[in-house]
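> Input file: data05.txt. Contents: compact mmCIF, C-alpha atoms.
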# COMPACT_ATOMS: atom_id res chain seq x y z
CA MET U 1 96.38 57.35 138.33
CA THR U 2 94.95 56.40 141.70
CA GLU U 3 94.60 53.17 143.68
CA ARG U 4 91.14 52.64 142.32
CA ILE U 5 91.86 53.72 138.79
CA SER U 6 94.66 51.93 137.00
CA HIS U 7 93.87 53.29 133.60
CA TRP U 8 91.51 55.76 132.07
CA PRO U 9 88.84 54.49 129.74
CA GLY U 10 89.49 55.08 126.07
CA ILE U 11 92.35 54.47 123.71
CA GLU U 12 95.63 56.18 124.33
CA LEU U 13 97.51 57.48 121.32
CA SER U 14 101.09 58.66 121.35
CA ALA U 15 102.44 61.52 119.32
CA ALA U 16 104.20 58.94 117.14
CA ASP U 17 100.88 57.17 116.46
CA LEU U 18 99.52 60.43 115.12
CA LEU U 19 102.62 61.28 113.11
CA GLU U 20 102.84 57.84 111.56
CA GLY U 21 99.18 57.98 110.62
CA LYS U 22 98.24 54.94 112.71
CA VAL U 23 94.73 56.35 112.98
CA THR U 24 92.70 58.40 110.57
CA GLN U 25 92.81 62.06 111.39
CA THR U 26 92.04 65.57 110.27
CA ARG U 27 94.80 68.14 110.39
CA PHE U 28 94.10 71.81 110.26
CA ARG U 29 95.99 75.05 110.61
CA PRO U 30 93.64 77.95 111.24
CA ASN U 31 94.54 81.14 109.47
CA ALA U 32 94.64 83.03 112.75
CA LYS U 33 96.35 86.26 111.75
CA TYR U 34 96.15 89.29 113.95
CA ALA U 35 97.25 92.89 114.00
CA TRP U 36 97.69 94.41 117.42
CA ALA U 37 97.56 98.19 117.36
CA ALA U 38 98.97 100.54 119.94
CA GLY U 39 95.90 102.74 119.56
CA GLU U 40 95.58 106.39 118.66
CA ALA U 41 97.39 107.96 121.61
CA MET U 42 100.24 105.47 121.96
CA SER U 43 100.82 105.38 118.20
CA ARG U 44 101.40 109.12 118.20
CA PHE U 45 103.56 108.79 121.31
CA LEU U 46 105.79 106.20 119.62
CA GLU U 47 105.94 108.23 116.41
CA GLU U 48 107.08 111.29 118.35
CA LEU U 49 109.76 109.26 120.14
CA GLN U 50 111.26 108.66 116.71
CA ASN U 51 111.39 112.45 116.33
CA GLY U 52 113.10 112.72 119.71
CA ARG U 53 110.12 114.31 121.44
CA LEU U 54 107.72 113.39 124.21
CA ILE U 55 104.06 114.15 123.62
CA ALA U 56 101.16 114.34 126.05
CA ARG U 57 97.41 115.00 125.96
CA THR U 58 95.72 117.82 127.81
CA CYS U 59 92.32 117.59 129.43
CA HIS U 60 90.34 120.81 129.75
CA GLY U 61 88.06 119.23 132.35
CA CYS U 62 90.66 118.75 135.05
CA ASP U 63 93.40 120.92 133.54
CA ARG U 64 95.86 118.09 133.62
CA ILE U 65 98.54 117.18 131.11
CA LEU U 66 98.38 113.42 130.72
CA PHE U 67 101.55 111.48 130.02
CA PRO U 68 101.81 108.90 128.55
CA PRO U 69 99.09 110.37 126.35
CA ARG U 70 95.61 108.88 126.34
CA MET U 71 92.49 109.81 124.41
CA PHE U 72 90.21 109.52 127.42
CA CYS U 73 90.46 111.21 130.79
CA GLU U 74 89.99 108.75 133.61
CA GLU U 75 89.13 111.57 136.04
CA CYS U 76 86.55 113.40 133.94
CA PHE U 77 85.23 110.46 131.87
CA ARG U 78 85.48 112.51 128.73
CA PRO U 79 87.71 112.55 125.66
CA THR U 80 90.93 114.51 126.13
CA ASP U 81 91.36 117.70 124.14
CA ALA U 82 94.74 118.52 122.62
CA TRP U 83 98.28 117.34 121.95
CA THR U 84 101.16 119.06 123.70
CA TYR U 85 104.88 118.39 123.86
CA ILE U 86 106.55 118.02 127.23
CA ARG U 87 110.25 118.12 128.12
CA ASP U 88 112.64 115.19 128.26
CA THR U 89 113.85 116.13 131.72
CA GLY U 90 112.34 114.93 134.94
CA THR U 91 112.69 113.62 138.46
CA ILE U 92 113.21 110.08 139.68
CA GLU U 93 110.11 109.02 141.60
CA THR U 94 111.14 105.49 142.43
CA PHE U 95 113.81 103.03 141.34
CA SER U 96 115.08 99.49 141.65
CA ILE U 97 118.60 98.13 141.57
CA SER U 98 118.08 94.88 139.73
CA TYR U 99 120.43 91.94 139.73
CA LEU U 100 118.14 90.14 137.30
CA ASP U 101 118.08 90.96 133.60
CA THR U 102 114.96 91.17 131.45
CA ASP U 103 114.99 87.36 131.09
CA ALA U 104 115.28 86.99 134.89
CA ARG U 105 118.87 85.74 134.63
CA ARG U 106 121.23 86.67 137.44
CA ILE U 107 123.69 89.41 136.56
CA SER U 108 126.63 90.74 138.56
CA GLU U 109 126.44 94.35 137.36
CA PRO U 110 122.99 95.59 138.35
CA ILE U 111 120.69 97.46 136.00
CA LEU U 112 118.91 100.54 137.31
CA VAL U 113 115.23 100.88 136.46
CA GLY U 114 112.51 103.09 137.79
CA VAL U 115 109.86 105.69 137.19
CA VAL U 116 110.67 109.22 136.16
CA SER U 117 108.07 111.98 136.35
CA LEU U 118 108.56 114.36 133.45
CA ASP U 119 108.74 118.14 133.39
CA GLY U 120 105.76 119.69 131.64
CA ALA U 121 103.35 116.88 132.50
CA SER U 122 101.09 116.93 135.52
CA PRO U 123 102.73 115.93 138.82
CA LYS U 124 103.73 112.28 139.12
CA MET U 125 103.05 111.63 135.42
CA GLY U 126 105.90 109.95 133.66
CA MET U 127 107.29 106.69 132.48
CA MET U 128 109.27 103.71 133.53
CA HIS U 129 112.75 103.43 132.07
CA TYR U 130 116.37 102.56 132.63
CA PHE U 131 118.79 104.91 134.40
CA GLY U 132 122.38 105.27 133.24
CA ASP U 133 125.57 107.26 133.64
CA MET U 134 125.18 106.80 137.39
CA THR U 135 126.07 104.07 139.85
CA LYS U 136 123.79 102.20 142.19
CA ASP U 137 125.27 104.27 145.01
CA GLU U 138 124.53 107.57 143.31
CA ILE U 139 120.91 106.98 142.31
CA ARG U 140 118.42 108.78 144.58
CA ILE U 141 114.70 109.48 144.64
CA GLY U 142 114.26 113.12 143.65
CA MET U 143 117.32 113.06 141.40
CA ARG U 144 117.01 115.29 138.33
CA VAL U 145 117.48 113.38 135.07
CA LYS U 146 117.38 113.88 131.30
CA ALA U 147 116.67 111.43 128.48
CA SER U 148 119.68 110.07 126.63
CA TRP U 149 118.40 109.61 123.07
CA LYS U 150 119.69 107.18 120.52
CA PRO U 151 120.99 108.83 117.33
CA ARG U 152 118.09 109.65 115.02
CA GLU U 153 118.92 106.96 112.45
CA GLU U 154 118.78 104.26 115.13
CA ARG U 155 115.38 105.29 116.46
CA GLN U 156 112.47 103.13 115.43
CA GLY U 157 109.46 104.46 117.27
CA SER U 158 110.09 102.40 120.36
CA VAL U 159 110.33 103.38 123.99
CA LEU U 160 113.94 102.25 123.69
CA ASP U 161 114.62 105.18 121.34
CA ILE U 162 115.56 106.64 124.71
CA ARG U 163 118.56 104.66 125.90
CA TYR U 164 118.08 105.63 129.52
CA PHE U 165 117.70 108.69 131.75
CA ARG U 166 121.00 110.17 132.90
CA PRO U 167 121.76 112.79 135.57
CA LEU U 168 120.92 116.35 134.56
CA ARG U 169 124.09 118.30 134.12
CA GLU U 170 124.92 121.76 135.44
CA GLY U 171 123.22 124.41 133.30
CA GLU U 172 120.85 121.96 131.62
CA GLY U 173 117.11 121.77 131.92
CA MET S 1 87.34 111.59 117.88
CA THR S 2 88.22 108.40 119.49
CA PHE S 3 85.72 106.71 121.82
CA LEU S 4 82.95 108.19 119.78
CA GLU S 5 84.08 106.09 116.85
CA ARG S 6 85.43 102.60 117.15
CA THR S 7 88.78 101.59 115.71
CA THR S 8 87.95 99.07 113.02
CA ASP S 9 91.28 98.92 111.22
CA PRO S 10 94.29 98.47 113.51
CA ARG S 11 96.57 99.07 110.52
CA ARG S 12 95.73 102.75 110.70
CA PHE S 13 97.89 102.84 113.80
CA ARG S 14 101.32 101.60 114.72
CA HIS S 15 100.72 97.90 114.93
CA TRP S 16 102.31 94.51 115.20
CA GLU S 17 101.22 91.59 113.06
CA GLY S 18 101.41 87.96 113.93
CA ASN S 19 99.96 84.56 113.30
CA MET S 20 98.62 82.49 116.14
CA GLU S 21 99.77 78.93 115.81
CA ALA S 22 96.72 76.89 116.61
CA ASP S 23 97.34 73.74 114.60
CA TYR S 24 95.36 70.72 115.56
CA ILE S 25 95.01 67.05 114.80
CA TYR S 26 91.54 65.68 115.24
CA THR S 27 91.24 61.91 115.39
CA SER S 28 88.18 60.19 114.03
CA GLY S 29 87.33 58.34 117.24
CA VAL S 30 86.47 54.67 117.61
CA ALA S 31 83.39 54.59 115.40
CA GLY S 32 84.78 57.17 112.98
CA GLU S 33 87.90 55.06 112.63
CA ARG S 34 85.81 52.04 111.59
CA PHE S 35 83.99 54.19 109.04
CA PHE S 36 87.09 55.72 107.46
CA VAL S 37 89.14 52.50 107.44
CA ALA S 38 86.27 50.64 105.72
CA LEU S 39 85.95 53.50 103.25
CA ARG S 40 89.67 53.60 102.54
CA ASP S 41 90.44 49.89 102.42
CA GLU S 42 87.19 48.34 101.20
CA GLY S 43 85.36 51.21 99.61
CA ARG S 44 82.34 50.61 101.80
CA LEU S 45 80.15 53.04 103.72
CA LEU S 46 79.36 51.78 107.20
CA ALA S 47 76.63 52.69 109.66
CA ALA S 48 76.58 51.74 113.35
CA ARG S 49 73.64 49.59 114.36
CA CYS S 50 71.77 49.56 117.63
CA THR S 51 70.16 46.11 117.73
CA ALA S 52 67.92 47.06 120.66
CA CYS S 53 66.44 50.19 119.10
CA ARG S 54 66.79 48.99 115.49
CA PHE S 55 68.48 52.17 114.44
CA ASP S 56 71.42 52.50 112.10
CA TYR S 57 73.53 55.61 112.49
CA LEU S 58 75.44 57.42 109.77
CA PRO S 59 78.05 58.65 110.35
CA PRO S 60 78.53 55.75 112.77
CA ARG S 61 78.79 56.62 116.42
CA LEU S 62 79.92 54.75 119.49
CA PHE S 63 76.70 55.07 121.49
CA CYS S 64 73.02 54.87 120.68
CA GLU S 65 71.37 58.23 121.13
CA ASP S 66 68.18 56.57 122.32
CA CYS S 67 69.28 53.83 124.75
CA PHE S 68 72.93 54.86 125.34
CA ALA S 69 74.10 51.33 124.59
CA GLU S 70 77.58 50.96 123.16
CA LEU S 71 77.35 50.18 119.46
CA LYS S 72 79.58 47.40 118.24
CA GLU S 73 77.77 46.21 115.14
CA PHE S 74 78.29 47.89 111.80
CA VAL S 75 76.23 47.46 108.67
CA GLU S 76 76.79 48.58 105.12
CA VAL S 77 74.84 51.58 103.91
CA PRO S 78 72.61 50.92 100.84
CA ARG S 79 74.34 51.90 97.63
CA GLU S 80 71.64 54.25 96.54
CA GLY S 81 70.68 57.28 98.60
CA ARG S 82 68.53 60.32 98.13
CA VAL S 83 69.27 64.00 98.15
CA THR S 84 67.41 65.53 101.09
CA ALA S 85 68.63 69.09 100.71
CA VAL S 86 70.81 70.94 98.21
CA THR S 87 72.61 74.21 98.01
CA VAL S 88 74.51 75.79 95.14
CA ALA S 89 77.65 77.59 96.33
CA HIS S 90 79.02 80.53 94.37
CA VAL S 91 81.82 81.34 96.83
CA ASP S 92 84.36 79.06 98.49
CA ARG S 93 84.95 78.60 102.21
CA THR S 94 86.97 81.80 102.41
CA GLY S 95 84.33 83.82 100.59
CA ALA S 96 86.28 84.03 97.31
CA PRO S 97 84.12 83.71 94.19
CA LEU S 98 84.19 80.34 92.42
CA ASP S 99 84.77 80.07 88.66
CA ARG S 100 81.99 77.54 88.50
CA PRO S 101 79.26 77.07 91.11
CA GLU S 102 79.54 73.97 93.30
CA VAL S 103 76.54 71.89 94.29
CA TRP S 104 76.39 70.49 97.80
CA ALA S 105 73.86 68.02 99.08
CA PHE S 106 72.75 66.28 102.22
CA VAL S 107 72.32 62.65 101.23
CA THR S 108 70.26 60.23 103.30
CA PHE S 109 69.75 56.49 102.98
CA LYS S 110 66.64 54.46 103.52
CA GLY S 111 66.29 53.16 107.07
CA ILE S 112 69.34 55.03 108.30
CA ARG S 113 69.49 57.86 110.80
CA GLY S 114 71.67 60.71 109.68
CA GLY S 115 73.42 61.09 106.36
CA LEU S 116 76.37 62.72 104.66
CA VAL S 117 76.94 66.24 103.40
CA HIS S 118 79.01 66.11 100.23
CA ARG S 119 79.47 67.37 96.70
CA LEU S 120 76.67 66.62 94.30
CA LEU S 121 78.23 65.68 90.99
CA ALA S 122 75.47 67.18 88.90
CA PRO S 123 74.90 70.55 87.25
CA PRO S 124 73.07 73.15 89.38
CA ASP S 125 69.92 72.92 87.28
CA ARG S 126 69.60 69.22 88.14
CA ALA S 127 70.19 69.78 91.84
CA ARG S 128 66.99 69.11 93.69
CA ALA S 129 65.76 67.19 96.69
CA GLY S 130 64.61 63.69 95.90
CA LEU S 131 67.35 62.97 93.36
CA ALA S 132 68.56 59.37 93.59
CA VAL S 133 72.35 59.32 94.00
CA ARG S 134 75.28 57.01 94.57
CA ALA S 135 78.71 57.69 96.07
CA ARG S 136 81.55 57.96 93.60
CA LEU S 137 84.79 56.92 95.32
CA ARG S 138 88.32 57.82 94.48
CA PRO S 139 90.48 54.98 93.19
CA LYS S 140 91.79 52.86 96.05
CA ALA S 141 95.37 54.01 95.63
CA ALA S 142 94.31 57.61 96.14
CA ARG S 143 92.23 56.99 99.26
CA VAL S 144 93.65 58.18 102.57
CA GLY S 145 90.88 57.56 105.11
CA ALA S 146 89.09 60.88 104.91
CA VAL S 147 85.68 61.99 103.77
CA THR S 148 87.33 63.24 100.58
CA ASP S 149 87.88 59.56 99.64
CA ILE S 150 84.36 60.05 98.37
CA GLU S 151 84.56 62.34 95.34
CA GLY S 152 80.93 63.13 95.64
CA PHE S 153 77.46 61.77 94.98
CA GLU S 154 76.36 61.29 91.40
CA PRO S 155 72.85 60.75 90.06
CA THR S 156 72.12 57.05 89.48
CA ARG S 157 69.98 57.81 86.43
CA SER S 158 70.77 60.49 83.93
Could you spell out this file's structure in C-alpha cells?

Amino acid sequence: MTERISHWPGIELSAADLLEGKVTQTRFRPNAKYAWAAGEAMSRFLEELQNGRLIARTCHGCDRILFPPRMFCEECFRPTDAWTYIRDTGTIETFSISYLDTDARRISEPILVGVVSLDGASPKMGMMHYFGDMTKDEIRIGMRVKASWKPREERQGSVLDIRYFRPLREGEG
Amino acid sequence: MTFLERTTDPRRFRHWEGNMEADYIYTSGVAGERFFVALRDEGRLLAARCTACRFDYLPPRLFCEDCFAELKEFVEVPREGRVTAVTVAHVDRTGAPLDRPEVWAFVTFKGIRGGLVHRLLAPPDRARAGLAVRARLRPKAARVGAVTDIEGFEPTRS
C-alpha cells in the first residue's frame, strides 16, 4: 500500500474464508493431461542408449554426421537422410569442476562435467556428460575418453545409461 | 518422413506423461453472492435493479451496463419465465454419448435483461421456444449456493 492508498477497493478473502465456504464459489480441476514426446530422432537416440550404442543422423547435403541425431539439417534446411552408429569414445572439448550439485547445493568433492565430442560424428559434435575415474587435477581439454556404461539391466533409455566418460586406456579406442 | 508429416500422437515416441495441476476456486462476486445466498437460503431468484435506467439484470451484476451506476437494489424475478432458445444434447460435456438426450434452455423473464441457461425438465419433443416454465428448486437441505440448486425449469402447464 502507499501513502495515498490505505486499502484496495473490493472485498478481501483469506484462504480460510474460501476453505470454510464463507462465500459461494465454484471449484474446478481441469483435466489437463499431457504427453511430452522426445520426438523421432531423440526417441531413437534414447532407445539405442539402452542397447549401449550411440546413434547419429547423416546429411547428404553437407556430408555431416549429426550427433545428437536430428531429423532436420540446420545447415541445409532439409530432412536428414540416414541413421548411423558412432563410437562411444571421444575427446573432451570443455569441462567444469563444479562444487555445486544438480540441486545447486554446495559439495566438498567436486563433480566434473563437460562436453565430449564423439568419434565418428562430425567435428565438435557430441554431448554433455559427467567425467569420472579422474581427478580435478587430471582432467584436461583434449583428453581422450570412453563411455562407462551401466550394466544392461540397469539401463532405461536415459542419457544416464552412461554413468560418465572415463579416460581412454592404453590399447583402447 | 518427419517435417513433411506432423507428429499427432506423442505416444508413438518415447514420452513422459503428466497432469498439470490447474485447480481453481472462482468466487461468485458481490452481486453473484447475493443471488446464490438468496437462492440457497430463501429459494428466491434475484435480479439487480438499476433505478435510473429501469433495468433489471439477471444474473445480477454489480454495475449497470448502461449508466455504470453501482447496483444495490435487488428484486425478485417473476416465477414464470419463457424458453427463448432450446437445444437437445446427445453427448455430455466430454463428448461421451448420453443414454438419454438432455434438453437445455435459455430462460428469460418478462421485463428482465438476461436470463438463465439451465436444464429443461421436459421431453425433447416438447422442447420449443415460447414454452412457459418455472424453476424447480432442490429441497432446502440439499442446496449449497450454486446454480445446481435449481434442478431445472419445468413447464408450468402440461
> Provide the CA of Lys124 in chain U to CA of Gly142 in chain U distance in Å, to one decimal place.
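Taking CA of Lys124 in chain U as the start and CA of Gly142 in chain U as the end point, the length is 11.5 Å.
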> Give me the range 44-70 of chain S side of the contact with range 116-129 of chain S, cut-off 12 Å, one line per residue showing its nearest atom pair and distance in Å at one decimal, counting all atoms listed in the file, sorted by chain and residue number, as CSV.

residue,atom,partner,partner_atom,distance
S:Leu45,CA,S:Leu116,CA,10.4
S:Leu46,CA,S:Leu116,CA,11.6
S:Ala47,CA,S:Leu116,CA,11.2
S:Tyr57,CA,S:Leu116,CA,11.0
S:Leu58,CA,S:Leu116,CA,7.4
S:Pro59,CA,S:Leu116,CA,7.2
S:Pro60,CA,S:Leu116,CA,10.9
> Dump as a PyMOL selection string the residues of chain S that approach chain U to within 9 Å, counting only C-alpha atoms.
chain S and resi 1-4+7+9-30+32-33+36-37+144-146
> To one decimal in Å, tell me the separation between CA of Glu102 in chain S and CA of Gly81 in chain S.
19.6 Å
> Counting all atoms listed in the file, what is within 9 Å of Phe74 in chain S, bar same-chain residues fewer than 3 positions away, as a VMD selection string?
chain S and resid 34 to 35 46 to 50 56 60 71
> Mind giving me the straight-line distance from CA of Trp83 in chain U to CA of Pro69 in chain U in Å, one decimal?
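So the two atoms, CA of Trp83 in chain U and CA of Pro69 in chain U, lie 8.3 Å apart.
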> Kindly compute an axis-aligned box around the listed atoms of range 125-138 of chain S, allowing 6 Å on each side, and express its centre and edge lengths in Å to one decimal as lines of an AutoDock Vina configuration file.

center_x = 76.5
center_y = 64.9
center_z = 92.0
size_x = 35.7
size_y = 28.0
size_z = 21.4
> Tell me which protein, DNA and RNA residues are within 7 Å of Tyr99 in chain U, counting only C-alpha atoms, leaving out same-chain ones fewer than 6 positions away, and put them as a list in words.
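Neighbouring residues, sequence-local ones excluded: Arg106, Ile107, Ser108, Glu109, Pro110 and Ile111 of chain U.
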> Find, counting all atoms listed in the file, the residue in S:Arg136, S:Phe153, S:Ala31, S:Leu39 that gets nearest to Lys72 in chain S.
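Nearest to Lys72 in chain S: S:Ala31.
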> Can you pull out the residues contacting Arg140 in chain U? Cut-off 12 Å, using all atoms listed in the file, and skip same-chain residues under 3 positions away; I want them as JSON, numbers by chain.
{"U": [91, 92, 93, 94, 95, 96, 97, 112, 113, 114, 115, 116, 131, 134, 135, 136, 137, 143, 144, 145, 167]}
> Residues within 9 Å of Cys73 in chain U, please, as a ChimeraX atom specification. Count all atoms listed in the file; anything in the same chain fewer than 3 positions from it doesn't count.
/U:58-59,61-62,66,70,76-80
> Let's have the selection written as a JSON list (two decimals), keeping the file's coordinate frame, with C-alpha atoms.

[["chain", "number", "residue", "atom", "x", "y", "z"],
["U", 58, "THR", "CA", 95.72, 117.82, 127.81],
["U", 59, "CYS", "CA", 92.32, 117.59, 129.43],
["U", 61, "GLY", "CA", 88.06, 119.23, 132.35],
["U", 62, "CYS", "CA", 90.66, 118.75, 135.05],
["U", 66, "LEU", "CA", 98.38, 113.42, 130.72],
["U", 70, "ARG", "CA", 95.61, 108.88, 126.34],
["U", 76, "CYS", "CA", 86.55, 113.40, 133.94],
["U", 77, "PHE", "CA", 85.23, 110.46, 131.87],
["U", 78, "ARG", "CA", 85.48, 112.51, 128.73],
["U", 79, "PRO", "CA", 87.71, 112.55, 125.66],
["U", 80, "THR", "CA", 90.93, 114.51, 126.13]]
> Which is closest to Tyr85 in chain U among U:Glu12, U:Glu48, U:Asp161, U:Asp133, if we use only C-alpha atoms?
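The answer is U:Glu48, which sits nearest to Tyr85 in chain U.
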> Would you mind putting N, CA and C atoms back on range 139-173 of chain U and writing the result as an mmCIF file, in the frame of the given file?

data_model
loop_
_atom_site.group_PDB
_atom_site.id
_atom_site.type_symbol
_atom_site.label_atom_id
_atom_site.label_comp_id
_atom_site.auth_asym_id
_atom_site.auth_seq_id
_atom_site.Cartn_x
_atom_site.Cartn_y
_atom_site.Cartn_z
ATOM 1 N N ILE U 139 122.327 106.784 142.645
ATOM 2 C CA ILE U 139 120.910 106.980 142.310
ATOM 3 C C ILE U 139 120.104 107.314 143.572
ATOM 4 N N ARG U 140 119.223 108.303 143.438
ATOM 5 C CA ARG U 140 118.420 108.780 144.580
ATOM 6 C C ARG U 140 117.013 109.143 144.094
ATOM 7 N N ILE U 141 116.031 108.953 144.928
ATOM 8 C CA ILE U 141 114.700 109.480 144.640
ATOM 9 C C ILE U 141 114.793 111.002 144.688
ATOM 10 N N GLY U 142 114.196 111.655 143.723
ATOM 11 C CA GLY U 142 114.260 113.120 143.650
ATOM 12 C C GLY U 142 115.382 113.611 142.761
ATOM 13 N N MET U 143 116.205 112.689 142.270
ATOM 14 C CA MET U 143 117.320 113.060 141.400
ATOM 15 C C MET U 143 116.779 113.625 140.086
ATOM 16 N N ARG U 144 117.425 114.684 139.599
ATOM 17 C CA ARG U 144 117.010 115.290 138.330
ATOM 18 C C ARG U 144 117.702 114.553 137.179
ATOM 19 N N VAL U 145 116.935 114.178 136.180
ATOM 20 C CA VAL U 145 117.480 113.380 135.070
ATOM 21 C C VAL U 145 117.021 113.930 133.720
ATOM 22 N N LYS U 146 117.713 113.484 132.668
ATOM 23 C CA LYS U 146 117.380 113.880 131.300
ATOM 24 C C LYS U 146 117.499 112.647 130.401
ATOM 25 N N ALA U 147 116.646 112.582 129.383
ATOM 26 C CA ALA U 147 116.670 111.430 128.480
ATOM 27 C C ALA U 147 117.958 111.418 127.674
ATOM 28 N N SER U 148 118.555 110.259 127.534
ATOM 29 C CA SER U 148 119.680 110.070 126.630
ATOM 30 C C SER U 148 119.132 109.372 125.390
ATOM 31 N N TRP U 149 119.027 110.134 124.296
ATOM 32 C CA TRP U 149 118.400 109.610 123.070
ATOM 33 C C TRP U 149 119.386 108.838 122.216
ATOM 34 N N LYS U 150 118.882 107.846 121.554
ATOM 35 C CA LYS U 150 119.690 107.180 120.520
ATOM 36 C C LYS U 150 119.829 108.154 119.356
ATOM 37 N N PRO U 151 120.894 107.993 118.523
ATOM 38 C CA PRO U 151 120.990 108.830 117.330
ATOM 39 C C PRO U 151 119.737 108.615 116.467
ATOM 40 N N ARG U 152 119.338 109.659 115.759
ATOM 41 C CA ARG U 152 118.090 109.650 115.020
ATOM 42 C C ARG U 152 117.935 108.417 114.111
ATOM 43 N N GLU U 153 119.027 108.052 113.417
ATOM 44 C CA GLU U 153 118.920 106.960 112.450
ATOM 45 C C GLU U 153 118.701 105.593 113.132
ATOM 46 N N GLU U 154 118.983 105.531 114.425
ATOM 47 C CA GLU U 154 118.780 104.260 115.130
ATOM 48 C C GLU U 154 117.402 104.157 115.768
ATOM 49 N N ARG U 155 116.695 105.305 115.803
ATOM 50 C CA ARG U 155 115.380 105.290 116.460
ATOM 51 C C ARG U 155 114.353 104.604 115.586
ATOM 52 N N GLN U 156 113.471 103.842 116.223
ATOM 53 C CA GLN U 156 112.470 103.130 115.430
ATOM 54 C C GLN U 156 111.065 103.243 115.994
ATOM 55 N N GLY U 157 110.812 104.299 116.735
ATOM 56 C CA GLY U 157 109.460 104.460 117.270
ATOM 57 C C GLY U 157 109.192 103.488 118.389
ATOM 58 N N SER U 158 110.196 103.303 119.220
ATOM 59 C CA SER U 158 110.090 102.400 120.360
ATOM 60 C C SER U 158 110.438 103.187 121.603
ATOM 61 N N VAL U 159 110.005 102.711 122.733
ATOM 62 C CA VAL U 159 110.330 103.380 123.990
ATOM 63 C C VAL U 159 111.838 103.306 124.237
ATOM 64 N N LEU U 160 112.482 102.362 123.554
ATOM 65 C CA LEU U 160 113.940 102.250 123.690
ATOM 66 C C LEU U 160 114.686 103.208 122.751
ATOM 67 N N ASP U 161 113.950 104.086 122.059
ATOM 68 C CA ASP U 161 114.620 105.180 121.340
ATOM 69 C C ASP U 161 115.298 106.110 122.355
ATOM 70 N N ILE U 162 114.814 106.066 123.581
ATOM 71 C CA ILE U 162 115.560 106.640 124.710
ATOM 72 C C ILE U 162 116.388 105.502 125.278
ATOM 73 N N ARG U 163 117.720 105.723 125.342
ATOM 74 C CA ARG U 163 118.560 104.660 125.900
ATOM 75 C C ARG U 163 118.261 104.487 127.385
ATOM 76 N N TYR U 164 118.309 105.632 128.073
ATOM 77 C CA TYR U 164 118.080 105.630 129.520
ATOM 78 C C TYR U 164 117.971 107.084 129.947
ATOM 79 N N PHE U 165 117.662 107.325 131.189
ATOM 80 C CA PHE U 165 117.700 108.690 131.750
ATOM 81 C C PHE U 165 118.996 108.834 132.537
ATOM 82 N N ARG U 166 119.691 109.924 132.263
ATOM 83 C CA ARG U 166 121.000 110.170 132.900
ATOM 84 C C ARG U 166 120.888 111.411 133.776
ATOM 85 N N PRO U 167 121.833 111.620 134.687
ATOM 86 C CA PRO U 167 121.760 112.790 135.570
ATOM 87 C C PRO U 167 121.764 114.085 134.758
ATOM 88 N N LEU U 168 120.960 115.023 135.195
ATOM 89 C CA LEU U 168 120.920 116.350 134.560
ATOM 90 C C LEU U 168 122.212 117.072 134.918
ATOM 91 N N ARG U 169 122.811 117.636 133.844
ATOM 92 C CA ARG U 169 124.090 118.300 134.120
ATOM 93 C C ARG U 169 123.868 119.746 134.489
ATOM 94 N N GLU U 170 124.880 120.329 135.077
ATOM 95 C CA GLU U 170 124.920 121.760 135.440
ATOM 96 C C GLU U 170 124.526 122.592 134.228
ATOM 97 N N GLY U 171 123.589 123.495 134.398
ATOM 98 C CA GLY U 171 123.220 124.410 133.300
ATOM 99 C C GLY U 171 122.190 123.845 132.357
ATOM 100 N N GLU U 172 121.844 122.571 132.494
ATOM 101 C CA GLU U 172 120.850 121.960 131.620
ATOM 102 C C GLU U 172 119.459 122.124 132.228
ATOM 103 N N GLY U 173 118.467 121.942 131.397
ATOM 104 C CA GLY U 173 117.110 121.770 131.920
ATOM 105 C C GLY U 173 116.327 123.032 131.949
#
